[in-house]
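Take a look at the structure below.
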Amino acid sequence: MCLRPSKICYSCLLISSYMMSQQGGTPLMICWSVEQQTAIYSALTDKTLKKNVRDIVTLSDDDVRVAEEVLQLLKPLKAVTTLLSTETAPSVSMILLLKTRILQSMAPSEEDSTITRDVKTAIREDLKHRYTSPPALQEYLHRATALDPRFKSLSHLHLALRLKTYSDLTTETVSSLGTADCEEGQAAPTGADTCPPQKKLAMAELFGDTFVQKDMGSKAFADTIKEEVASYEAASGIPVDGDPLTWWKSNECKYPHLAIMARHYLAVPATSVPSERVFSTAGDIVTAKRSTLSPENVNILIFF
């Protein structure tokens, strides 16, 4: 249908284009259309518009009802999109949790209408196979979630998978950091920097050999990691709105090896929104009319 633009319809078009360009644009557009249906109907039935258009198509009551049902279903998806877009450091530790939350919200119910049931089924079928293949990917995401102090209880997983995740984390930490620690231990200082042996105190001279402790020897690295992981798993978590990076900075001395693993895992972003936002900002700043901007000024305008 081709409509001659009027002031009201042109404003509607601008608002629609803006909403569709935003994160979560489809739910916003449906929400706006449902909330403003009276204004839209008034604009479409304006006398100046009706003179030039024979047939004006408007939403029926059934169409509005379907739109309201779909909007209700899209709320969890909109919440996830908003979270990932506004989070200062969206990490991969959030991915499987968000997937689980969406699948739970799309569980079938006896009260569902036909359209609701069809939409829920389509979303479940599309989402349930994501992040499951290859299996190593899913295991990686589970370990990332375990290293996030907000979600380290892994309450969304059953007990067997929870135990396996921490076991895999222990194994990976030993294999990844064990070699480096051994090399550092073998690299004994030599030359002028070598410290002279400390003189034994009187108590050590008299009773050192008699009351020597059995655990004075170096503990196996694997046992050290197991104890560290067990201590971390038993420790209290932080609120879901807390900052995991700040927590790890404060507890790095307590869990030195896991802190290294956390830096590797939590540094992986869960979404490309931040980088895409930089490119979008750059596209709005460096236009054809502003092509003579110096690189220094472009950096200031984009990153500061």
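By convention here, the chains of the structure tokens are called A, B, ... in the order presented, each chain's residues are numbered starting at 1, and ligands are numbered starting at 1 in the order presented.
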
Excluding Leu258 (chain A) and residues on its chain fewer than 3 positions from it, collect all residues at most 12 Å away from it, counting only C-alpha atoms, and give them as a PDB file with N, CA, C and O atoms, in the first residue's frame.
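Saved result, result.pdb, follows:
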ATOM      1  N   ARG A 143      33.027 -24.347  32.367  1.00  0.00           N
ATOM      2  CA  ARG A 143      34.170 -23.950  33.188  1.00  0.00           C
ATOM      3  C   ARG A 143      34.229 -22.433  33.343  1.00  0.00           C
ATOM      4  O   ARG A 143      34.582 -21.931  34.422  1.00  0.00           O
ATOM      5  N   ALA A 144      33.874 -21.722  32.295  1.00  0.00           N
ATOM      6  CA  ALA A 144      33.833 -20.261  32.392  1.00  0.00           C
ATOM      7  C   ALA A 144      32.803 -19.814  33.425  1.00  0.00           C
ATOM      8  O   ALA A 144      33.041 -18.881  34.203  1.00  0.00           O
ATOM      9  N   ALA A 146      31.842 -21.560  36.007  1.00  0.00           N
ATOM     10  CA  ALA A 146      32.362 -21.925  37.328  1.00  0.00           C
ATOM     11  C   ALA A 146      33.375 -20.913  37.840  1.00  0.00           C
ATOM     12  O   ALA A 146      33.483 -20.691  39.052  1.00  0.00           O
ATOM     13  N   LEU A 147      34.118 -20.281  36.939  1.00  0.00           N
ATOM     14  CA  LEU A 147      35.133 -19.308  37.337  1.00  0.00           C
ATOM     15  C   LEU A 147      34.551 -17.922  37.596  1.00  0.00           C
ATOM     16  O   LEU A 147      35.282 -17.019  38.004  1.00  0.00           O
ATOM     17  N   ASP A 148      33.281 -17.752  37.360  1.00  0.00           N
ATOM     18  CA  ASP A 148      32.622 -16.486  37.667  1.00  0.00           C
ATOM     19  C   ASP A 148      32.063 -16.579  39.089  1.00  0.00           C
ATOM     20  O   ASP A 148      31.180 -17.397  39.353  1.00  0.00           O
ATOM     21  N   PRO A 149      32.559 -15.771  40.026  1.00  0.00           N
ATOM     22  CA  PRO A 149      32.101 -15.897  41.425  1.00  0.00           C
ATOM     23  C   PRO A 149      30.619 -15.610  41.620  1.00  0.00           C
ATOM     24  O   PRO A 149      30.062 -15.958  42.654  1.00  0.00           O
ATOM     25  N   TYR A 166      33.900 -29.001  37.816  1.00  0.00           N
ATOM     26  CA  TYR A 166      35.005 -28.630  38.703  1.00  0.00           C
ATOM     27  C   TYR A 166      36.174 -29.607  38.575  1.00  0.00           C
ATOM     28  O   TYR A 166      37.338 -29.213  38.733  1.00  0.00           O
ATOM     29  N   LEU A 169      37.947 -28.496  35.517  1.00  0.00           N
ATOM     30  CA  LEU A 169      38.676 -27.255  35.802  1.00  0.00           C
ATOM     31  C   LEU A 169      39.979 -27.555  36.539  1.00  0.00           C
ATOM     32  O   LEU A 169      41.029 -26.956  36.242  1.00  0.00           O
ATOM     33  N   THR A 170      39.926 -28.488  37.481  1.00  0.00           N
ATOM     34  CA  THR A 170      41.135 -28.879  38.211  1.00  0.00           C
ATOM     35  C   THR A 170      42.168 -29.490  37.265  1.00  0.00           C
ATOM     36  O   THR A 170      43.352 -29.146  37.303  1.00  0.00           O
ATOM     37  N   THR A 171      41.693 -30.379  36.399  1.00  0.00           N
ATOM     38  CA  THR A 171      42.606 -31.037  35.456  1.00  0.00           C
ATOM     39  C   THR A 171      43.244 -30.039  34.512  1.00  0.00           C
ATOM     40  O   THR A 171      44.458 -30.087  34.255  1.00  0.00           O
ATOM     41  N   GLU A 172      42.455 -29.124  34.004  1.00  0.00           N
ATOM     42  CA  GLU A 172      42.998 -28.133  33.063  1.00  0.00           C
ATOM     43  C   GLU A 172      43.990 -27.197  33.753  1.00  0.00           C
ATOM     44  O   GLU A 172      45.010 -26.827  33.173  1.00  0.00           O
ATOM     45  N   THR A 173      43.701 -26.823  34.987  1.00  0.00           N
ATOM     46  CA  THR A 173      44.613 -25.940  35.720  1.00  0.00           C
ATOM     47  C   THR A 173      45.950 -26.621  35.956  1.00  0.00           C
ATOM     48  O   THR A 173      47.016 -26.014  35.797  1.00  0.00           O
ATOM     49  N   VAL A 174      45.904 -27.905  36.331  1.00  0.00           N
ATOM     50  CA  VAL A 174      47.149 -28.650  36.557  1.00  0.00           C
ATOM     51  C   VAL A 174      47.945 -28.768  35.267  1.00  0.00           C
ATOM     52  O   VAL A 174      49.170 -28.542  35.244  1.00  0.00           O
ATOM     53  N   SER A 176      47.750 -26.903  32.543  1.00  0.00           N
ATOM     54  CA  SER A 176      48.130 -25.613  31.958  1.00  0.00           C
ATOM     55  C   SER A 176      49.220 -24.910  32.748  1.00  0.00           C
ATOM     56  O   SER A 176      50.123 -24.299  32.170  1.00  0.00           O
ATOM     57  N   LEU A 177      49.139 -24.985  34.071  1.00  0.00           N
ATOM     58  CA  LEU A 177      50.053 -24.222  34.919  1.00  0.00           C
ATOM     59  C   LEU A 177      51.142 -25.075  35.552  1.00  0.00           C
ATOM     60  O   LEU A 177      52.107 -24.524  36.077  1.00  0.00           O
ATOM     61  N   THR A 224      47.867 -29.388  45.482  1.00  0.00           N
ATOM     62  CA  THR A 224      47.684 -27.971  45.777  1.00  0.00           C
ATOM     63  C   THR A 224      46.513 -27.400  44.990  1.00  0.00           C
ATOM     64  O   THR A 224      45.689 -26.643  45.520  1.00  0.00           O
ATOM     65  N   ILE A 225      46.431 -27.768  43.722  1.00  0.00           N
ATOM     66  CA  ILE A 225      45.336 -27.259  42.883  1.00  0.00           C
ATOM     67  C   ILE A 225      43.999 -27.817  43.360  1.00  0.00           C
ATOM     68  O   ILE A 225      42.998 -27.089  43.405  1.00  0.00           O
ATOM     69  N   LYS A 226      43.971 -29.096  43.733  1.00  0.00           N
ATOM     70  CA  LYS A 226      42.720 -29.684  44.216  1.00  0.00           C
ATOM     71  C   LYS A 226      42.221 -28.961  45.459  1.00  0.00           C
ATOM     72  O   LYS A 226      41.018 -28.676  45.588  1.00  0.00           O
ATOM     73  N   GLU A 227      43.123 -28.664  46.371  1.00  0.00           N
ATOM     74  CA  GLU A 227      42.731 -27.956  47.585  1.00  0.00           C
ATOM     75  C   GLU A 227      42.251 -26.539  47.265  1.00  0.00           C
ATOM     76  O   GLU A 227      41.296 -26.035  47.859  1.00  0.00           O
ATOM     77  N   GLU A 228      42.926 -25.904  46.318  1.00  0.00           N
ATOM     78  CA  GLU A 228      42.537 -24.539  45.936  1.00  0.00           C
ATOM     79  C   GLU A 228      41.156 -24.522  45.300  1.00  0.00           C
ATOM     80  O   GLU A 228      40.325 -23.659  45.606  1.00  0.00           O
ATOM     81  N   VAL A 229      40.895 -25.467  44.411  1.00  0.00           N
ATOM     82  CA  VAL A 229      39.578 -25.536  43.755  1.00  0.00           C
ATOM     83  C   VAL A 229      38.493 -25.869  44.774  1.00  0.00           C
ATOM     84  O   VAL A 229      37.403 -25.284  44.752  1.00  0.00           O
ATOM     85  N   ALA A 230      38.786 -26.798  45.687  1.00  0.00           N
ATOM     86  CA  ALA A 230      37.798 -27.154  46.709  1.00  0.00           C
ATOM     87  C   ALA A 230      37.498 -25.964  47.618  1.00  0.00           C
ATOM     88  O   ALA A 230      36.341 -25.727  47.991  1.00  0.00           O
ATOM     89  N   SER A 231      38.525 -25.211  47.970  1.00  0.00           N
ATOM     90  CA  SER A 231      38.313 -24.028  48.806  1.00  0.00           C
ATOM     91  C   SER A 231      37.497 -22.978  48.071  1.00  0.00           C
ATOM     92  O   SER A 231      36.598 -22.348  48.643  1.00  0.00           O
ATOM     93  N   TYR A 232      37.792 -22.783  46.788  1.00  0.00           N
ATOM     94  CA  TYR A 232      37.032 -21.816  45.982  1.00  0.00           C
ATOM     95  C   TYR A 232      35.579 -22.238  45.833  1.00  0.00           C
ATOM     96  O   TYR A 232      34.665 -21.423  45.945  1.00  0.00           O
ATOM     97  N   GLU A 233      35.362 -23.533  45.601  1.00  0.00           N
ATOM     98  CA  GLU A 233      33.995 -24.027  45.429  1.00  0.00           C
ATOM     99  C   GLU A 233      33.180 -23.863  46.705  1.00  0.00           C
ATOM    100  O   GLU A 233      31.974 -23.574  46.658  1.00  0.00           O
ATOM    101  N   TRP A 248      37.983 -11.103  41.831  1.00  0.00           N
ATOM    102  CA  TRP A 248      39.208 -11.852  41.573  1.00  0.00           C
ATOM    103  C   TRP A 248      40.446 -11.028  41.911  1.00  0.00           C
ATOM    104  O   TRP A 248      41.462 -11.571  42.370  1.00  0.00           O
ATOM    105  N   LYS A 249      40.381  -9.737  41.713  1.00  0.00           N
ATOM    106  CA  LYS A 249      41.508  -8.889  42.079  1.00  0.00           C
ATOM    107  C   LYS A 249      41.738  -8.908  43.583  1.00  0.00           C
ATOM    108  O   LYS A 249      42.883  -8.893  44.056  1.00  0.00           O
ATOM    109  N   ASN A 251      40.847 -11.406  45.623  1.00  0.00           N
ATOM    110  CA  ASN A 251      41.102 -12.771  46.111  1.00  0.00           C
ATOM    111  C   ASN A 251      42.203 -13.482  45.326  1.00  0.00           C
ATOM    112  O   ASN A 251      42.325 -14.710  45.406  1.00  0.00           O
ATOM    113  N   GLU A 252      42.990 -12.719  44.592  1.00  0.00           N
ATOM    114  CA  GLU A 252      44.041 -13.328  43.772  1.00  0.00           C
ATOM    115  C   GLU A 252      45.085 -14.039  44.636  1.00  0.00           C
ATOM    116  O   GLU A 252      45.586 -15.102  44.259  1.00  0.00           O
ATOM    117  N   CYS A 253      45.399 -13.473  45.789  1.00  0.00           N
ATOM    118  CA  CYS A 253      46.394 -14.099  46.663  1.00  0.00           C
ATOM    119  C   CYS A 253      45.867 -15.399  47.284  1.00  0.00           C
ATOM    120  O   CYS A 253      46.627 -16.317  47.564  1.00  0.00           O
ATOM    121  N   LYS A 254      44.563 -15.464  47.471  1.00  0.00           N
ATOM    122  CA  LYS A 254      43.956 -16.646  48.079  1.00  0.00           C
ATOM    123  C   LYS A 254      43.847 -17.791  47.084  1.00  0.00           C
ATOM    124  O   LYS A 254      44.009 -18.970  47.453  1.00  0.00           O
ATOM    125  N   TYR A 255      43.567 -17.460  45.824  1.00  0.00           N
ATOM    126  CA  TYR A 255      43.434 -18.475  44.775  1.00  0.00           C
ATOM    127  C   TYR A 255      44.352 -18.085  43.609  1.00  0.00           C
ATOM    128  O   TYR A 255      43.874 -17.681  42.539  1.00  0.00           O
ATOM    129  N   MET A 261      43.574 -18.680  35.621  1.00  0.00           N
ATOM    130  CA  MET A 261      42.580 -19.282  34.729  1.00  0.00           C
ATOM    131  C   MET A 261      41.403 -18.337  34.511  1.00  0.00           C
ATOM    132  O   MET A 261      40.863 -18.244  33.396  1.00  0.00           O
ATOM    133  N   ALA A 262      41.002 -17.629  35.557  1.00  0.00           N
ATOM    134  CA  ALA A 262      39.881 -16.694  35.427  1.00  0.00           C
ATOM    135  C   ALA A 262      40.210 -15.578  34.447  1.00  0.00           C
ATOM    136  O   ALA A 262      39.335 -15.130  33.691  1.00  0.00           O
ATOM    137  N   ARG A 263      41.456 -15.125  34.450  1.00  0.00           N
ATOM    138  CA  ARG A 263      41.837 -14.082  33.489  1.00  0.00           C
ATOM    139  C   ARG A 263      41.709 -14.579  32.057  1.00  0.00           C
ATOM    140  O   ARG A 263      41.329 -13.825  31.155  1.00  0.00           O
ATOM    141  N   HIS A 264      42.036 -15.853  31.851  1.00  0.00           N
ATOM    142  CA  HIS A 264      41.933 -16.410  30.497  1.00  0.00           C
ATOM    143  C   HIS A 264      40.466 -16.553  30.064  1.00  0.00           C
ATOM    144  O   HIS A 264      40.125 -16.275  28.905  1.00  0.00           O
ATOM    145  N   TYR A 265      39.617 -16.991  30.968  1.00  0.00           N
ATOM    146  CA  TYR A 265      38.223 -17.284  30.616  1.00  0.00           C
ATOM    147  C   TYR A 265      37.358 -16.021  30.585  1.00  0.00           C
ATOM    148  O   TYR A 265      36.615 -15.792  29.622  1.00  0.00           O
ATOM    149  N   LEU A 266      37.412 -15.234  31.643  1.00  0.00           N
ATOM    150  CA  LEU A 266      36.501 -14.094  31.760  1.00  0.00           C
ATOM    151  C   LEU A 266      36.873 -12.942  30.840  1.00  0.00           C
ATOM    152  O   LEU A 266      36.113 -11.981  30.723  1.00  0.00           O
TER     153      LEU A 266
END

Open item on the list: Please list as a ChimeraX atom specification every residue within 12 Å of Leu71 (chain A), counting only C-alpha atoms and excluding residues in the same chain fewer than 2 positions away.
Closed with: /A:24-35,64-69,73-78,115-116,119
